[in-house]
Amino acid sequence: MDRAIDLACRLLAGNLDTPATIEVACLSYGPPLRDAEPVLRQMLIEHGIAVNGPETGDADQFRDALRAFGSSAIDIGKFSVIFYRLLPAWNEQDATQHALILLLNELDQATTREDQNEIIQHLRDTALAAS
C-alpha cells in the first residue's frame, strides 16, 4: 500500500491529479490494502488503467498474475499462492501451466541460492512469455 501512496504523490507532483489520486496521496503509510482498496482501484481507473475486480474470471486473474510475476511486480511467494489457487486439474492445464509446475518443483529441489535465483528467473521468463 505504501507504494501506491508514493505513486499517488508522484502523480500529483506531475500534475496528474484526480479526486481518488488526492485521496490515496493523503492516506497515512501502513493502511491494510483491504481498507484502501476501493479508493486505490478508483485512482487506477481514473488514470485509464484496467482494474480487475473480484468478479474477474480465473483466466484473467491467472494472466494478470503471470504478467505481474514476469515483470517482477510480485515475488515468487505471492505468485505461487495465486498460481496454485487458480491451477486447473492436470488434464485441463496448458503447456505453460505444465512448464511452471515443473519449474516450481525444480525450485523446491534446488539446494543453493544461485540455483534458486536461476530457476526463479526462468519462471519469470516463462510467465512473461505467456502473459
# chains A, B, ... in the order shown; residues from 1 in each chain; ligands from 1
call {"tool": "residues_around", "arguments": {"residues": "stretch 58-61 of chain A", "least_positions_apart": "6", "cutoff": "12 Å", "atoms": "only C-alpha atoms", "output": "ChimeraX atom specification"}}
result
/A:50-52,67-68,79,82-88,93-94,97,131
call {"tool": "residues_around", "arguments": {"residues": "stretch 5-12 of chain A", "least_positions_apart": "6", "cutoff": "10 Å", "atoms": "only C-alpha atoms", "output": "JSON, numbers by chain"}}
result
{"A": [18, 20, 21, 22, 23, 24, 25, 26, 27, 28, 29, 30, 40, 43, 44, 47]}
call {"tool": "closest_residue", "arguments": {"among": "A:Asp115, A:His98, A:Ala127, A:Asp35", "to": "A:Ala65", "atoms": "only C-alpha atoms"}}
result
A:Ala127
call {"tool": "closest_residue", "arguments": {"among": "A:Gly14, A:Gly70, A:Pro19, A:Gly77", "to": "A:Ala130", "atoms": "only C-alpha atoms"}}
result
A:Gly70
call {"tool": "decode", "arguments": {"residues": "stretch 65-83 of chain A", "atoms": "N, CA, C and O atoms", "output": "compact mmCIF listing (two decimals), in the first residue's frame"}}
result
# COMPACT_ATOMS: atom_id res chain seq x y z
N ALA A 65 -1.65 -12.46 -13.01
CA ALA A 65 -0.60 -12.96 -12.11
C ALA A 65 0.67 -13.28 -12.89
O ALA A 65 1.78 -12.99 -12.44
N LEU A 66 0.52 -13.89 -14.06
CA LEU A 66 1.68 -14.18 -14.91
C LEU A 66 2.41 -12.89 -15.27
O LEU A 66 3.64 -12.80 -15.17
N ARG A 67 1.66 -11.89 -15.68
CA ARG A 67 2.24 -10.61 -16.08
C ARG A 67 2.95 -9.94 -14.89
O ARG A 67 4.06 -9.44 -15.01
N ALA A 68 2.29 -9.94 -13.74
CA ALA A 68 2.87 -9.31 -12.55
C ALA A 68 4.14 -10.02 -12.10
O ALA A 68 5.14 -9.38 -11.79
N PHE A 69 4.11 -11.34 -12.09
CA PHE A 69 5.30 -12.09 -11.68
C PHE A 69 6.41 -11.95 -12.71
O PHE A 69 7.57 -11.71 -12.37
N GLY A 70 6.06 -12.07 -13.98
CA GLY A 70 7.06 -11.98 -15.04
C GLY A 70 7.77 -10.65 -15.06
O GLY A 70 8.96 -10.56 -15.39
N SER A 71 7.08 -9.59 -14.66
CA SER A 71 7.68 -8.25 -14.65
C SER A 71 8.23 -7.88 -13.27
O SER A 71 8.56 -6.73 -13.03
N SER A 72 8.30 -8.85 -12.37
CA SER A 72 8.85 -8.67 -11.01
C SER A 72 8.01 -7.76 -10.12
O SER A 72 8.52 -7.22 -9.14
N ALA A 73 6.73 -7.60 -10.43
CA ALA A 73 5.87 -6.79 -9.59
C ALA A 73 5.45 -7.55 -8.33
O ALA A 73 5.13 -6.94 -7.31
N ILE A 74 5.43 -8.88 -8.41
CA ILE A 74 5.17 -9.70 -7.23
C ILE A 74 6.27 -10.74 -7.10
O ILE A 74 6.90 -11.11 -8.10
N ASP A 75 6.49 -11.21 -5.90
CA ASP A 75 7.56 -12.18 -5.67
C ASP A 75 7.06 -13.62 -5.88
O ASP A 75 5.87 -13.85 -6.10
N ILE A 76 7.98 -14.55 -5.78
CA ILE A 76 7.66 -15.96 -6.03
C ILE A 76 6.63 -16.49 -5.04
O ILE A 76 5.77 -17.30 -5.40
N GLY A 77 6.67 -16.01 -3.81
CA GLY A 77 5.71 -16.46 -2.80
C GLY A 77 4.28 -16.09 -3.17
O GLY A 77 3.38 -16.94 -3.15
N LYS A 78 4.06 -14.81 -3.50
CA LYS A 78 2.72 -14.37 -3.89
C LYS A 78 2.28 -15.06 -5.17
O LYS A 78 1.13 -15.47 -5.31
N PHE A 79 3.20 -15.18 -6.12
CA PHE A 79 2.84 -15.82 -7.38
C PHE A 79 2.42 -17.27 -7.16
O PHE A 79 1.41 -17.71 -7.70
N SER A 80 3.17 -18.01 -6.38
CA SER A 80 2.85 -19.43 -6.20
C SER A 80 1.50 -19.61 -5.50
O SER A 80 0.75 -20.54 -5.83
N VAL A 81 1.16 -18.72 -4.58
CA VAL A 81 -0.15 -18.81 -3.91
C VAL A 81 -1.27 -18.63 -4.94
O VAL A 81 -2.22 -19.40 -5.00
N ILE A 82 -1.14 -17.59 -5.77
CA ILE A 82 -2.14 -17.33 -6.81
C ILE A 82 -2.17 -18.47 -7.82
O ILE A 82 -3.23 -18.96 -8.20
N PHE A 83 -0.98 -18.90 -8.24
CA PHE A 83 -0.86 -19.96 -9.24
C PHE A 83 -1.56 -21.23 -8.79
O PHE A 83 -2.39 -21.78 -9.51
